[in-house]
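With compact mmCIF, C-alpha atoms inside, this is target-v4.txt:
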```
# COMPACT_ATOMS: atom_id res chain seq x y z
CA MET J 126 91.50 123.10 78.83
CA ALA J 127 87.81 122.34 79.35
CA ARG J 128 87.12 119.19 81.26
CA ARG J 129 84.93 116.51 79.75
CA LEU J 130 81.49 116.28 81.33
CA GLU J 131 80.80 112.93 82.95
CA LYS J 132 77.74 111.05 81.73
CA PHE J 133 75.82 111.70 84.96
CA GLU J 134 76.48 115.46 84.76
CA LYS J 135 74.35 115.61 81.61
CA LEU J 136 71.30 114.18 83.38
CA PRO J 137 68.42 116.58 84.12
CA VAL J 138 68.43 115.46 87.78
CA TYR J 139 72.10 116.37 88.12
CA GLN J 140 71.58 119.72 86.43
CA LYS J 141 68.72 120.51 88.83
CA SER J 142 70.96 119.47 91.72
CA GLN J 143 73.50 122.03 90.49
CA GLU J 144 70.79 124.69 90.75
CA LEU J 145 70.13 123.59 94.34
CA PHE J 146 73.86 123.72 95.05
CA ASP J 147 74.17 127.24 93.62
CA LEU J 148 71.18 128.46 95.62
CA ALA J 149 72.50 126.88 98.84
CA ASP J 150 75.82 128.64 98.24
CA VAL J 151 74.11 132.02 97.76
CA ILE J 152 72.00 131.53 100.88
CA ALA J 153 75.02 130.45 102.93
CA GLU J 154 76.91 133.58 101.85
CA SER J 155 73.97 135.83 102.70
CA LEU J 156 73.57 134.70 106.30
CA LYS J 157 74.18 137.43 108.87
CA GLU J 158 76.95 136.99 111.35
CA ASP J 159 75.62 134.80 114.09
CA SER J 160 76.88 131.96 116.23
CA MET J 161 74.91 129.52 114.04
CA LYS J 162 75.92 130.99 110.68
CA GLU J 163 78.86 128.69 110.06
CA HIS J 164 76.97 125.59 111.14
CA LEU J 165 73.97 126.34 108.92
CA ALA J 166 76.14 127.32 105.95
CA ILE J 167 78.08 124.06 106.23
CA GLN J 168 74.88 122.08 106.60
CA MET J 169 73.33 123.62 103.48
CA CYS J 170 76.42 123.35 101.29
CA SER J 171 77.45 119.88 102.40
CA ASN J 172 73.95 118.53 101.77
CA ALA J 173 73.90 120.16 98.35
CA ALA J 174 77.24 118.51 97.53
CA LEU J 175 76.03 115.18 98.94
CA ILE J 176 73.06 115.25 96.56
CA GLN J 177 75.39 115.48 93.58
CA ALA J 178 77.71 112.79 94.92
CA LYS J 179 74.80 110.39 95.46
CA ILE J 180 73.48 110.99 91.95
CA ALA J 181 76.90 110.05 90.63
CA GLY J 182 76.93 107.02 92.93
CA ALA J 183 73.51 105.87 91.76
CA GLU J 184 74.59 106.24 88.14
CA GLY J 185 77.84 104.40 88.81
CA GLY J 186 76.09 101.17 89.72
CA SER J 187 73.13 99.46 88.20
CA LEU J 188 71.76 97.30 91.01
CA TYR J 189 68.30 98.57 91.90
CA SER J 190 68.74 98.41 95.68
CA LEU J 191 72.02 100.38 95.55
CA ARG J 192 70.51 103.00 93.28
CA MET J 193 67.50 103.32 95.58
CA GLN J 194 69.78 103.55 98.62
CA ASN J 195 71.44 106.57 97.00
CA ALA J 196 68.01 107.98 96.11
CA VAL J 197 66.87 107.79 99.74
CA LEU J 198 70.03 109.58 100.88
CA ILE J 199 69.39 112.26 98.26
CA LYS J 200 65.86 112.78 99.56
CA LEU J 201 67.13 113.09 103.13
CA ALA J 202 69.84 115.56 102.09
CA VAL J 203 67.30 117.74 100.27
CA GLN J 204 65.05 117.77 103.32
CA ASP J 205 67.96 118.57 105.62
CA MET J 206 69.10 121.41 103.38
CA PHE J 207 65.59 122.86 103.24
CA ASN J 208 65.27 122.58 107.03
CA ALA J 209 68.49 124.57 107.46
CA VAL J 210 67.16 127.34 105.20
CA SER J 211 63.85 127.38 107.07
CA PHE J 212 65.60 127.51 110.42
CA ALA J 213 67.84 130.38 109.30
CA SER J 214 64.74 132.30 108.31
CA MET J 215 62.95 131.43 111.55
CA VAL J 216 65.80 132.73 113.74
CA LYS J 217 66.16 135.74 111.42
CA ILE J 218 69.77 135.34 110.33
CA ASN J 219 68.73 135.45 106.66
CA GLU J 220 69.19 138.83 104.99
CA GLU J 221 66.33 137.93 102.70
CA ASP J 222 63.66 135.31 102.88
CA TYR J 223 64.97 132.48 100.73
CA VAL J 224 62.50 129.90 102.04
CA GLN J 225 60.01 130.27 99.18
CA LEU J 226 62.75 130.30 96.56
CA MET J 227 64.29 127.14 98.07
CA ARG J 228 60.84 125.54 98.24
CA GLU J 229 60.35 126.19 94.51
CA LYS J 230 63.80 124.82 93.62
CA VAL J 231 63.21 121.73 95.76
CA GLU J 232 59.88 121.11 94.00
CA GLU J 233 61.52 121.47 90.58
CA PHE J 234 64.23 119.04 91.67
CA ARG J 235 61.66 116.61 93.13
CA LEU J 236 59.78 116.34 89.84
CA VAL J 237 62.94 115.54 87.87
CA PHE J 238 64.14 113.23 90.67
CA VAL J 239 60.92 111.16 90.58
CA GLU J 240 61.21 110.80 86.83
CA TRP J 241 64.85 109.73 87.22
CA ILE J 242 64.22 107.00 89.80
CA ARG J 243 61.27 105.64 87.83
CA GLY J 244 63.82 104.77 85.16
CA PHE J 245 65.74 102.42 87.48
CA ASP J 246 65.62 98.77 86.41
CA LYS J 247 63.74 97.01 89.23
CA SER J 248 64.39 93.59 87.77
CA TYR J 249 68.16 93.93 88.14
CA ASP J 250 68.87 93.44 91.80
CA ILE J 251 70.20 91.02 94.36
CA PRO J 252 69.18 90.46 97.96
CA ASP J 253 71.24 92.46 100.42
CA ASN J 254 70.39 90.46 103.56
CA TRP J 255 68.87 93.53 105.22
CA ALA J 256 65.31 92.61 104.15
CA ILE J 257 64.60 96.15 103.02
CA ARG J 258 63.62 95.30 99.47
CA PHE J 259 63.45 91.54 99.76
CA ASP J 260 61.56 89.57 102.35
CA THR J 261 63.57 86.39 102.79
CA SER J 262 61.11 84.93 105.27
CA THR J 263 59.68 82.39 102.84
CA PRO J 264 61.37 79.75 100.70
CA GLU J 265 59.29 80.94 97.73
CA GLN J 266 60.72 84.44 98.07
CA GLU J 267 64.28 83.08 98.31
CA LYS J 268 63.71 81.19 95.04
CA LEU J 269 62.42 84.37 93.37
CA GLU J 270 65.48 86.26 94.53
CA GLU J 271 67.79 83.62 93.07
CA LEU J 272 65.97 83.85 89.75
CA MET J 273 66.19 87.67 89.69
CA PHE J 274 69.95 87.77 89.94
CA ASP J 275 71.66 87.31 86.58
CA GLU J 276 75.27 86.52 87.51
CA ASP J 277 76.56 86.81 83.94
CA ARG J 278 75.03 90.25 83.52
CA PHE J 279 76.32 91.43 86.89
CA PHE J 280 79.91 90.30 86.45
CA GLY J 281 79.88 91.17 82.74
CA GLU J 282 79.56 94.85 83.65
CA PHE J 283 82.79 94.68 85.62
CA ASN J 284 84.62 93.15 82.67
CA GLU J 285 83.33 95.83 80.29
CA ASP J 286 84.50 98.70 82.51
CA ASP J 287 87.92 97.33 83.39
CA GLU J 288 90.49 97.39 80.64
CA ASP J 289 93.25 95.49 82.38
CA THR J 290 92.79 94.54 85.98
CA GLY J 291 95.60 92.05 85.98
CA ASP J 292 95.33 88.39 86.73
CA PHE J 293 94.69 87.49 90.32
CA ASP J 294 96.25 84.10 89.65
CA ASP J 295 99.58 85.89 89.21
CA PHE J 296 99.60 86.61 92.93
CA ASP J 297 101.66 83.97 94.60
CA ASP J 298 101.20 83.49 98.33
CA ASP J 299 104.42 81.53 98.42
CA ASP J 300 106.42 84.71 97.69
CA ARG J 301 105.16 86.22 100.90
CA TYR J 302 106.19 83.16 102.86
CA ASP J 303 109.56 83.04 101.10
CA ASP J 304 110.20 86.62 102.20
CA GLU J 305 109.23 85.73 105.75
CA GLY J 306 111.45 82.67 105.54
CA ASP J 307 114.35 84.81 104.36
CA GLU J 308 113.74 87.12 107.30
CA ASP J 309 113.74 84.16 109.68
CA LYS J 310 116.98 82.90 108.15
CA SER J 311 118.63 86.30 108.57
CA ASN J 312 117.48 86.40 112.20
CA ASN J 313 118.93 82.92 112.80
CA ASP J 314 122.25 83.91 111.20
CA LYS J 315 122.77 86.59 113.87
```
Take the structure from the file and write it as structure tokens.
Amino acid sequence: MARRLEKFEKLPVYQKSQELFDLADVIAESLKEDSMKEHLAIQMCSNAALIQAKIAGAEGGSLYSLRMQNAVLIKLAVQDMFNAVSFASMVKINEEDYVQLMREKVEEFRLVFVEWIRGFDKSYDIPDNWAIRFDTSTPEQEKLEELMFDEDRFFGEFNEDDEDTGDFDDFDDDDRYDDEGDEDKSNNDK
């Protein structure tokens, strides 16, 4: 049975990330036996997998700052993966020189990546209290931030995705205390 492709797997940026993943896997397999082989192979493959996970994470949420946070982690993972390939070549544990091929794949990915992040909705965001995107140092900026956040739109997305999350009002704290009370009663009966 063929599995259904997720929406993010159809994106050009994800498909390019799959090419990076496949190349990292080939390079990792081709490394000569060396004390660093396992470390470099893990570094390359785990970064390639992280890139795909962060694309899915960015597509899973719509807040601009969260999407950009994932984008920054993707950029760092790509750089780290390329550095591992370069290092393997420098210490001559590569059977072949994959540096140029990786450089070309990274550039192809970068072009699609830039196009992808330019499509993020900058107007849909909330302050995260880390002052990375928002400068909360002025009252005027705080007012702008309040205006940018559309609470109905934000919480409406949760309601669309969840079919039946249950009713939190059904949770009765008294039941927990009744159970504890029953336990206390049984302890007193002894």
Q | Residue neighbourhood stretch 221-223 of chain J, 8 Å, all atoms listed in the file, exclusion window fewer than 4 positions, as an MDAnalysis selection string | A | chainID J and resid 152 155 210 214 227
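Among the candidates J:Lys135, J:Ala202, J:Met193, J:Leu145, the residue lying nearest to J:Val239 is J:Met193 (atoms considered: all atoms listed in the file).
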Q. If you count only C-alpha atoms, which residues fall within 7 Å of stretch 168-185 of chain J, apart from same-chain ones fewer than 3 positions away, as an MDAnalysis selection string?
A. chainID J and resid 133 139 142 145:146 149:150 164:165 191:192 195 199 202:203 206 209
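Nearest residue to J:Ala213 among J:Lys157, J:Lys141, J:Lys132, J:Lys200 is J:Lys157, counting all atoms listed in the file.
The two atoms in question, atom CA of J:Leu201 and atom CA of J:Arg235, are spaced 11.9 Å apart.
Between atom CA of J:Ser187 and atom CA of J:Gln143 lies a distance of 22.7 Å.
We find atom CA of J:Asp246 and atom CA of J:Pro137 to be spaced 18.2 Å apart.
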What are the centre and edge lengths in Å, to one decimal, of the axis-aligned box around all listed atoms of stretch 184-195 of chain J with 6 Å added on each side, as AutoDock Vina command-line options?
```
--center_x 72.7 --center_y 101.9 --center_z 93.4 --size_x 22.3 --size_y 21.3 --size_z 22.5
```
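Comparing the minimum interatomic distances between J:Leu188 and each of J:Leu136, J:Met161, J:Ile251, J:Ile167, counting all atoms listed in the file, we find that J:Ile251 sits nearest.
In terms of minimum interatomic distance to J:Ile218, J:Leu156 ranks closest within J:Glu144, J:Leu156, J:Lys247, J:Val138, counting only C-alpha atoms.
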Q) Counting only C-alpha atoms, which of J:Tyr189, J:Leu130, J:Asp277, J:Asp205 gets nearest to J:Val231? A) J:Asp205
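Distance annotation: of J:Val224, J:Val216, J:Val237, J:Ala196, the residue with the minimal separation from J:Asp159 is J:Val216; atom set is only C-alpha atoms.
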